[in-house]
Number of protein chains: 2
Amino acid sequence: MTERKLEILSIAQSLFKDNGYTATSMRDIAKAANVEPASLYSHINGKEELLDTTCFSMAEKFINGIAEVNDIYFDAAQKLKMAVDTHVGILATNLNAAIVFQRDWRHLSDDRKAAFIVLRNQYEEGMRVIVQNGIDEGLFNEVDVKFATLTLLSSLNWIVEWYDAEGRLTPAEIAENLYNFVLTGLKK
Amino acid sequence: MTERKLEILSIAQSLFKDNGYTATSMRDIAKAANVEPASLYSHINGKEELLDTTCFSMAEKFINGIAEVNDIYFDAAQKLKMAVDTHVGILATNLNAAIVFQRDWRHLSDDRKAAFIVLRNQYEEGMRVIVQNGIDEGLFNEVDVKFATLTLLSSLNWIVEWYDAEGRLTPAEIAENLYNFVLTGLKK
DNA sequence: TGTCATAACGAACATTCGTTAGGCAAATAT
DNA sequence: ATATTTGCCTAACGAATGTTCGTTATGACA
């Protein structure tokens, strides 16, 4: 990937984040890149490539992250902590792309969307395994695994909606807060 | 609101849910309503009215819900339980509209979007008050209120992404699961 | 019977969409 | 020095966009 292509991708992600993929035109992207619309096609094959690259490169990061966690750590609580940490880290260091990844994957072509969903399920399964491990090891309550994982993931995913790099909490603090919350709950 | 107008609104919400507001054309809506595109304008003022009505009618439901909860119940744990129950109930009985409400409010006009965000913050504040009450009453841990509420809301909001009316869990069961999870956490 | 409202129609509007074709100057490679 | 590639340009393409227009069939009500 050329430097210029990466630049264009980054510009596109920023616009997609603000207005959504569908509501962002190639002309918008061109203007933001200080270039005529047609010039974009010297670098990319089309608009969907920008979405496709964003979605799949993010999916790859998440899947590699959970694979690594499952490789390195043994204890389920440790795994969970690291999985949360990794997830938040990926979101925070690729915020624009993460938002696009989360909101706009629906606009992939049917083929690519199907491929994307496979990866998404793969990641969810990785998380489920950690929760199940915790139960098997006697560390976690015997919760509904599917439901608990979904709830955990929802909290992780929603972070992009309010995370602010200049905000009060660092990614590490967010991860720790979330881990503690998911582990111990509200009740005193 | 005429019956026919409601019908069109419902059709539009179903299409918005599947393809998003921006990627759904008036011609799509017309086709689904078995009508020529121009005929839609006998019932509505324009495309945005469909989005506007959806977003604000849902916001109203949520705000009324939390106001009622705060009126009727006293104990924070009870309030939280009922707030979760009400939230899930609203989602489940207005699933299409809820999805549009959640994903597409960004495409409201600037004025309306600002008004919408005010309502959204109002609802979040209502939730925060409940959590804060719980802490003050000594029922809840002294968590970061803002963070905890955001996490709770994220779990509530994400439900629309996987809820299936024909699925394993009823809305009441989902609410109960979620309440228990948020209250007691994973740890044994 | 005459008047009005409703809900639909076909045709057209200006605009925007993603994309392609062809060319041209500067940088790079041979 | 010459050839090739790169990065951008202007111009244009066909298709799709939300919406407006004037009209018409239907039926309720005076």
# chains A, B, ... in the order shown; residues from 1 in each chain; ligands from 1
call {"tool": "select_by_dssp", "arguments": {"residues": "region 25-121 of chain A", "states": "alpha helix (DSSP H)", "output": "ChimeraX atom specification"}}
result
/A:26-32,47-72,76-93,95-103,110-121
call {"tool": "interface_residues", "arguments": {"of": "chain A", "to": "chain C", "cutoff": "12 Å", "atoms": "only C-alpha atoms (C1' of nucleotides)", "output": "NGL selection string"}}
result
:A and (22-28 or 37-42 or 44-48)
call {"tool": "interface_residues", "arguments": {"of": "chain A", "to": "chain B", "cutoff": "6 Å", "atoms": "only C-alpha atoms", "output": "PyMOL selection string"}}
result
chain A and resi 139-141+151+154-155+158+182-188
call {"tool": "interface_residues", "arguments": {"of": "chain D", "to": "chain B", "cutoff": "9 Å", "atoms": "only C-alpha atoms (C1' of nucleotides)", "output": "number ranges by chain"}}
result
D: 17-20
call {"tool": "write_last_selection", "arguments": {"atoms": "N, CA, C and O atoms (P, O5', C5', C4', C3', O3' and C1' of nucleotides)", "output": "PDB file, in the first residue's frame"}}
result
ATOM      1  P    DT D  17     -31.657   5.409  -6.183  1.00  0.00           P
ATOM      2  O5'  DT D  17     -31.709   6.951  -5.809  1.00  0.00           O
ATOM      3  C5'  DT D  17     -30.574   7.536  -5.137  1.00  0.00           C
ATOM      4  C4'  DT D  17     -30.767   9.018  -5.014  1.00  0.00           C
ATOM      5  C3'  DT D  17     -32.162   9.429  -4.569  1.00  0.00           C
ATOM      6  O3'  DT D  17     -32.234   9.361  -3.171  1.00  0.00           O
ATOM      7  C1'  DT D  17     -31.310  10.870  -6.301  1.00  0.00           C
ATOM      8  P    DG D  18     -33.680   9.226  -2.473  1.00  0.00           P
ATOM      9  O5'  DG D  18     -34.199  10.729  -2.390  1.00  0.00           O
ATOM     10  C5'  DG D  18     -33.392  11.708  -1.762  1.00  0.00           C
ATOM     11  C4'  DG D  18     -34.024  13.076  -1.949  1.00  0.00           C
ATOM     12  C3'  DG D  18     -35.478  13.176  -1.473  1.00  0.00           C
ATOM     13  O3'  DG D  18     -35.689  14.448  -0.869  1.00  0.00           O
ATOM     14  C1'  DG D  18     -35.367  13.626  -3.797  1.00  0.00           C
ATOM     15  P    DT D  19     -37.142  14.827  -0.262  1.00  0.00           P
ATOM     16  O5'  DT D  19     -37.794  15.537  -1.529  1.00  0.00           O
ATOM     17  C5'  DT D  19     -37.088  16.632  -2.134  1.00  0.00           C
ATOM     18  C4'  DT D  19     -37.807  17.085  -3.377  1.00  0.00           C
ATOM     19  C3'  DT D  19     -39.300  17.398  -3.179  1.00  0.00           C
ATOM     20  O3'  DT D  19     -39.466  18.807  -3.288  1.00  0.00           O
ATOM     21  C1'  DT D  19     -38.854  16.262  -5.239  1.00  0.00           C
ATOM     22  P    DT D  20     -40.887  19.476  -2.993  1.00  0.00           P
ATOM     23  O5'  DT D  20     -41.387  19.763  -4.482  1.00  0.00           O
ATOM     24  C5'  DT D  20     -40.517  20.437  -5.382  1.00  0.00           C
ATOM     25  C4'  DT D  20     -41.202  20.585  -6.728  1.00  0.00           C
ATOM     26  C3'  DT D  20     -42.675  21.017  -6.636  1.00  0.00           C
ATOM     27  O3'  DT D  20     -42.879  22.098  -7.538  1.00  0.00           O
ATOM     28  C1'  DT D  20     -42.469  19.061  -7.960  1.00  0.00           C
TER      29       DT D  20
END
call {"tool": "residues_around", "arguments": {"residues": "Gln13 (chain B)", "least_positions_apart": "3", "cutoff": "8 Å", "atoms": "only C-alpha atoms (C1' of nucleotides)", "output": "list in words"}}
result
Leu9, Ser10, Phe16, Lys17, Leu50, Thr54, Asn96, Ala97 and Val100 of chain B
call {"tool": "atom_distance", "arguments": {"atom1": "CA of Ile130 (chain A)", "atom2": "CA of Ala172 (chain A)"}}
result
20.0 Å
call {"tool": "residues_around", "arguments": {"residues": "Lys113 (chain B)", "least_positions_apart": "3", "cutoff": "12 Å", "atoms": "only C-alpha atoms (C1' of nucleotides)", "output": "PDB file with all heavy atoms, in the first residue's frame"}}
result
ATOM      1  N   GLU B  48     -37.018  12.973   5.000  1.00  0.00           N
ATOM      2  CA  GLU B  48     -36.524  13.180   6.369  1.00  0.00           C
ATOM      3  C   GLU B  48     -37.631  13.085   7.408  1.00  0.00           C
ATOM      4  O   GLU B  48     -37.373  12.716   8.559  1.00  0.00           O
ATOM      5  CB  GLU B  48     -35.789  14.522   6.495  1.00  0.00           C
ATOM      6  CG  GLU B  48     -35.282  14.713   7.915  1.00  0.00           C
ATOM      7  CD  GLU B  48     -34.213  15.784   8.054  1.00  0.00           C
ATOM      8  OE1 GLU B  48     -33.641  16.223   7.046  1.00  0.00           O
ATOM      9  OE2 GLU B  48     -33.949  16.179   9.201  1.00  0.00           O
ATOM     10  N   LEU B  51     -37.613   9.727   8.937  1.00  0.00           N
ATOM     11  CA  LEU B  51     -36.544   9.533   9.917  1.00  0.00           C
ATOM     12  C   LEU B  51     -36.842  10.310  11.189  1.00  0.00           C
ATOM     13  O   LEU B  51     -36.701   9.789  12.305  1.00  0.00           O
ATOM     14  CB  LEU B  51     -35.217   9.994   9.311  1.00  0.00           C
ATOM     15  CG  LEU B  51     -33.989   9.908  10.213  1.00  0.00           C
ATOM     16  CD1 LEU B  51     -33.720   8.478  10.634  1.00  0.00           C
ATOM     17  CD2 LEU B  51     -32.779  10.515   9.529  1.00  0.00           C
ATOM     18  N   ASP B  52     -37.254  11.529  11.004  1.00  0.00           N
ATOM     19  CA  ASP B  52     -37.537  12.423  12.131  1.00  0.00           C
ATOM     20  C   ASP B  52     -38.597  11.827  13.047  1.00  0.00           C
ATOM     21  O   ASP B  52     -38.414  11.724  14.268  1.00  0.00           O
ATOM     22  CB  ASP B  52     -37.989  13.783  11.574  1.00  0.00           C
ATOM     23  CG  ASP B  52     -37.982  14.859  12.627  1.00  0.00           C
ATOM     24  OD1 ASP B  52     -38.926  14.881  13.439  1.00  0.00           O
ATOM     25  OD2 ASP B  52     -37.038  15.671  12.655  1.00  0.00           O
ATOM     26  N   CYS B  55     -37.218   8.751  14.934  1.00  0.00           N
ATOM     27  CA  CYS B  55     -36.261   9.052  16.005  1.00  0.00           C
ATOM     28  C   CYS B  55     -36.944   9.699  17.210  1.00  0.00           C
ATOM     29  O   CYS B  55     -36.698   9.309  18.354  1.00  0.00           O
ATOM     30  CB  CYS B  55     -35.157   9.968  15.476  1.00  0.00           C
ATOM     31  SG  CYS B  55     -34.038   9.154  14.313  1.00  0.00           S
ATOM     32  N   PHE B  56     -37.794  10.664  16.948  1.00  0.00           N
ATOM     33  CA  PHE B  56     -38.364  11.408  18.061  1.00  0.00           C
ATOM     34  C   PHE B  56     -39.487  10.655  18.769  1.00  0.00           C
ATOM     35  O   PHE B  56     -39.676  10.801  19.967  1.00  0.00           O
ATOM     36  CB  PHE B  56     -38.824  12.794  17.605  1.00  0.00           C
ATOM     37  CG  PHE B  56     -37.696  13.764  17.483  1.00  0.00           C
ATOM     38  CD1 PHE B  56     -36.965  13.859  16.315  1.00  0.00           C
ATOM     39  CD2 PHE B  56     -37.330  14.556  18.556  1.00  0.00           C
ATOM     40  CE1 PHE B  56     -35.895  14.733  16.207  1.00  0.00           C
ATOM     41  CE2 PHE B  56     -36.272  15.440  18.471  1.00  0.00           C
ATOM     42  CZ  PHE B  56     -35.545  15.527  17.284  1.00  0.00           C
ATOM     43  N   PHE B 101     -33.755   4.327  14.997  1.00  0.00           N
ATOM     44  CA  PHE B 101     -33.505   5.308  16.059  1.00  0.00           C
ATOM     45  C   PHE B 101     -32.055   5.278  16.500  1.00  0.00           C
ATOM     46  O   PHE B 101     -31.433   6.320  16.730  1.00  0.00           O
ATOM     47  CB  PHE B 101     -34.435   4.986  17.231  1.00  0.00           C
ATOM     48  CG  PHE B 101     -34.035   5.520  18.565  1.00  0.00           C
ATOM     49  CD1 PHE B 101     -34.347   6.818  18.930  1.00  0.00           C
ATOM     50  CD2 PHE B 101     -33.363   4.717  19.478  1.00  0.00           C
ATOM     51  CE1 PHE B 101     -33.995   7.309  20.183  1.00  0.00           C
ATOM     52  CE2 PHE B 101     -33.001   5.193  20.724  1.00  0.00           C
ATOM     53  CZ  PHE B 101     -33.306   6.496  21.072  1.00  0.00           C
ATOM     54  N   ASP B 104     -29.497   5.695  12.792  1.00  0.00           N
ATOM     55  CA  ASP B 104     -29.621   6.713  11.745  1.00  0.00           C
ATOM     56  C   ASP B 104     -29.947   8.121  12.217  1.00  0.00           C
ATOM     57  O   ASP B 104     -30.170   9.001  11.396  1.00  0.00           O
ATOM     58  CB  ASP B 104     -30.663   6.255  10.709  1.00  0.00           C
ATOM     59  CG  ASP B 104     -30.110   5.202   9.769  1.00  0.00           C
ATOM     60  OD1 ASP B 104     -28.917   5.266   9.452  1.00  0.00           O
ATOM     61  OD2 ASP B 104     -30.869   4.294   9.362  1.00  0.00           O
ATOM     62  N   TRP B 105     -29.980   8.340  13.521  1.00  0.00           N
ATOM     63  CA  TRP B 105     -30.270   9.694  14.008  1.00  0.00           C
ATOM     64  C   TRP B 105     -29.199  10.670  13.524  1.00  0.00           C
ATOM     65  O   TRP B 105     -29.461  11.869  13.415  1.00  0.00           O
ATOM     66  CB  TRP B 105     -30.346   9.709  15.536  1.00  0.00           C
ATOM     67  CG  TRP B 105     -29.084   9.283  16.209  1.00  0.00           C
ATOM     68  CD1 TRP B 105     -28.738   8.028  16.605  1.00  0.00           C
ATOM     69  CD2 TRP B 105     -27.978  10.127  16.562  1.00  0.00           C
ATOM     70  NE1 TRP B 105     -27.498   8.035  17.178  1.00  0.00           N
ATOM     71  CE2 TRP B 105     -27.000   9.307  17.169  1.00  0.00           C
ATOM     72  CE3 TRP B 105     -27.718  11.498  16.437  1.00  0.00           C
ATOM     73  CZ2 TRP B 105     -25.788   9.807  17.638  1.00  0.00           C
ATOM     74  CZ3 TRP B 105     -26.505  11.995  16.901  1.00  0.00           C
ATOM     75  CH2 TRP B 105     -25.561  11.146  17.498  1.00  0.00           C
ATOM     76  N   ARG B 106     -28.036  10.168  13.206  1.00  0.00           N
ATOM     77  CA  ARG B 106     -26.958  11.033  12.722  1.00  0.00           C
ATOM     78  C   ARG B 106     -27.327  11.753  11.435  1.00  0.00           C
ATOM     79  O   ARG B 106     -26.737  12.777  11.093  1.00  0.00           O
ATOM     80  CB  ARG B 106     -25.705  10.201  12.454  1.00  0.00           C
ATOM     81  CG  ARG B 106     -24.941   9.839  13.699  1.00  0.00           C
ATOM     82  CD  ARG B 106     -23.909   8.777  13.365  1.00  0.00           C
ATOM     83  NE  ARG B 106     -24.172   7.577  14.139  1.00  0.00           N
ATOM     84  CZ  ARG B 106     -23.675   7.354  15.350  1.00  0.00           C
ATOM     85  NH1 ARG B 106     -22.903   8.250  15.901  1.00  0.00           N
ATOM     86  NH2 ARG B 106     -23.969   6.249  16.016  1.00  0.00           N
ATOM     87  N   HIS B 107     -28.286  11.207  10.711  1.00  0.00           N
ATOM     88  CA  HIS B 107     -28.647  11.803   9.422  1.00  0.00           C
ATOM     89  C   HIS B 107     -29.802  12.772   9.513  1.00  0.00           C
ATOM     90  O   HIS B 107     -30.311  13.230   8.495  1.00  0.00           O
ATOM     91  CB  HIS B 107     -28.940  10.691   8.401  1.00  0.00           C
ATOM     92  CG  HIS B 107     -27.766   9.814   8.129  1.00  0.00           C
ATOM     93  ND1 HIS B 107     -27.699   8.505   8.555  1.00  0.00           N
ATOM     94  CD2 HIS B 107     -26.574  10.059   7.531  1.00  0.00           C
ATOM     95  CE1 HIS B 107     -26.528   7.987   8.201  1.00  0.00           C
ATOM     96  NE2 HIS B 107     -25.836   8.901   7.581  1.00  0.00           N
ATOM     97  N   LEU B 108     -30.234  13.077  10.720  1.00  0.00           N
ATOM     98  CA  LEU B 108     -31.183  14.171  10.896  1.00  0.00           C
ATOM     99  C   LEU B 108     -30.519  15.482  10.490  1.00  0.00           C
ATOM    100  O   LEU B 108     -29.285  15.587  10.503  1.00  0.00           O
ATOM    101  CB  LEU B 108     -31.617  14.251  12.363  1.00  0.00           C
ATOM    102  CG  LEU B 108     -32.513  13.122  12.882  1.00  0.00           C
ATOM    103  CD1 LEU B 108     -32.616  13.176  14.400  1.00  0.00           C
ATOM    104  CD2 LEU B 108     -33.893  13.199  12.258  1.00  0.00           C
ATOM    105  N   SER B 109     -31.330  16.471  10.155  1.00  0.00           N
ATOM    106  CA  SER B 109     -30.773  17.792   9.866  1.00  0.00           C
ATOM    107  C   SER B 109     -30.105  18.327  11.134  1.00  0.00           C
ATOM    108  O   SER B 109     -30.391  17.862  12.237  1.00  0.00           O
ATOM    109  CB  SER B 109     -31.882  18.735   9.427  1.00  0.00           C
ATOM    110  OG  SER B 109     -32.724  19.026  10.527  1.00  0.00           O
ATOM    111  N   ASP B 110     -29.238  19.286  10.967  1.00  0.00           N
ATOM    112  CA  ASP B 110     -28.447  19.766  12.098  1.00  0.00           C
ATOM    113  C   ASP B 110     -29.326  20.201  13.270  1.00  0.00           C
ATOM    114  O   ASP B 110     -29.055  19.849  14.423  1.00  0.00           O
ATOM    115  CB  ASP B 110     -27.548  20.924  11.646  1.00  0.00           C
ATOM    116  CG  ASP B 110     -26.373  20.431  10.808  1.00  0.00           C
ATOM    117  OD1 ASP B 110     -26.160  19.199  10.780  1.00  0.00           O
ATOM    118  OD2 ASP B 110     -25.694  21.259  10.193  1.00  0.00           O
ATOM    119  N   PHE B 116     -32.401  16.188  19.129  1.00  0.00           N
ATOM    120  CA  PHE B 116     -32.392  14.761  19.450  1.00  0.00           C
ATOM    121  C   PHE B 116     -31.354  14.450  20.519  1.00  0.00           C
ATOM    122  O   PHE B 116     -31.629  13.715  21.477  1.00  0.00           O
ATOM    123  CB  PHE B 116     -32.099  13.946  18.192  1.00  0.00           C
ATOM    124  CG  PHE B 116     -32.029  12.468  18.417  1.00  0.00           C
ATOM    125  CD1 PHE B 116     -33.184  11.696  18.398  1.00  0.00           C
ATOM    126  CD2 PHE B 116     -30.815  11.849  18.659  1.00  0.00           C
ATOM    127  CE1 PHE B 116     -33.125  10.328  18.621  1.00  0.00           C
ATOM    128  CE2 PHE B 116     -30.749  10.474  18.880  1.00  0.00           C
ATOM    129  CZ  PHE B 116     -31.904   9.719  18.862  1.00  0.00           C
ATOM    130  N   ILE B 117     -30.193  15.023  20.366  1.00  0.00           N
ATOM    131  CA  ILE B 117     -29.111  14.757  21.317  1.00  0.00           C
ATOM    132  C   ILE B 117     -29.489  15.233  22.713  1.00  0.00           C
ATOM    133  O   ILE B 117     -29.142  14.597  23.720  1.00  0.00           O
ATOM    134  CB  ILE B 117     -27.806  15.424  20.824  1.00  0.00           C
ATOM    135  CG1 ILE B 117     -27.288  14.678  19.590  1.00  0.00           C
ATOM    136  CG2 ILE B 117     -26.740  15.416  21.920  1.00  0.00           C
ATOM    137  CD1 ILE B 117     -26.089  15.311  18.931  1.00  0.00           C
ATOM    138  N   VAL B 118     -30.230  16.331  22.774  1.00  0.00           N
ATOM    139  CA  VAL B 118     -30.702  16.811  24.078  1.00  0.00           C
ATOM    140  C   VAL B 118     -31.555  15.740  24.764  1.00  0.00           C
ATOM    141  O   VAL B 118     -31.365  15.427  25.947  1.00  0.00           O
ATOM    142  CB  VAL B 118     -31.520  18.110  23.915  1.00  0.00           C
ATOM    143  CG1 VAL B 118     -32.257  18.452  25.204  1.00  0.00           C
ATOM    144  CG2 VAL B 118     -30.608  19.256  23.511  1.00  0.00           C
ATOM    145  N   LEU B 119     -32.474  15.163  24.001  1.00  0.00           N
ATOM    146  CA  LEU B 119     -33.335  14.115  24.564  1.00  0.00           C
ATOM    147  C   LEU B 119     -32.521  12.897  24.986  1.00  0.00           C
ATOM    148  O   LEU B 119     -32.749  12.289  26.036  1.00  0.00           O
ATOM    149  CB  LEU B 119     -34.387  13.699  23.543  1.00  0.00           C
ATOM    150  CG  LEU B 119     -35.394  14.773  23.133  1.00  0.00           C
ATOM    151  CD1 LEU B 119     -36.420  14.209  22.170  1.00  0.00           C
ATOM    152  CD2 LEU B 119     -36.084  15.371  24.353  1.00  0.00           C
ATOM    153  N   ARG B 120     -31.566  12.562  24.137  1.00  0.00           N
ATOM    154  CA  ARG B 120     -30.708  11.421  24.412  1.00  0.00           C
ATOM    155  C   ARG B 120     -29.947  11.624  25.731  1.00  0.00           C
ATOM    156  O   ARG B 120     -29.877  10.734  26.571  1.00  0.00           O
ATOM    157  CB  ARG B 120     -29.729  11.292  23.242  1.00  0.00           C
ATOM    158  CG  ARG B 120     -29.075   9.952  23.053  1.00  0.00           C
ATOM    159  CD  ARG B 120     -28.430   9.945  21.679  1.00  0.00           C
ATOM    160  NE  ARG B 120     -27.596   8.784  21.445  1.00  0.00           N
ATOM    161  CZ  ARG B 120     -26.305   8.728  21.723  1.00  0.00           C
ATOM    162  NH1 ARG B 120     -25.711   9.738  22.311  1.00  0.00           N
ATOM    163  NH2 ARG B 120     -25.613   7.631  21.440  1.00  0.00           N
TER     164      ARG B 120
END
call {"tool": "atom_distance", "arguments": {"atom1": "CA of His87 (chain A)", "atom2": "CA of Ala175 (chain A)"}}
result
8.3 Å
call {"tool": "atom_distance", "arguments": {"atom1": "CA of Glu60 (chain B)", "atom2": "CA of Gly167 (chain B)"}}
result
27.2 Å
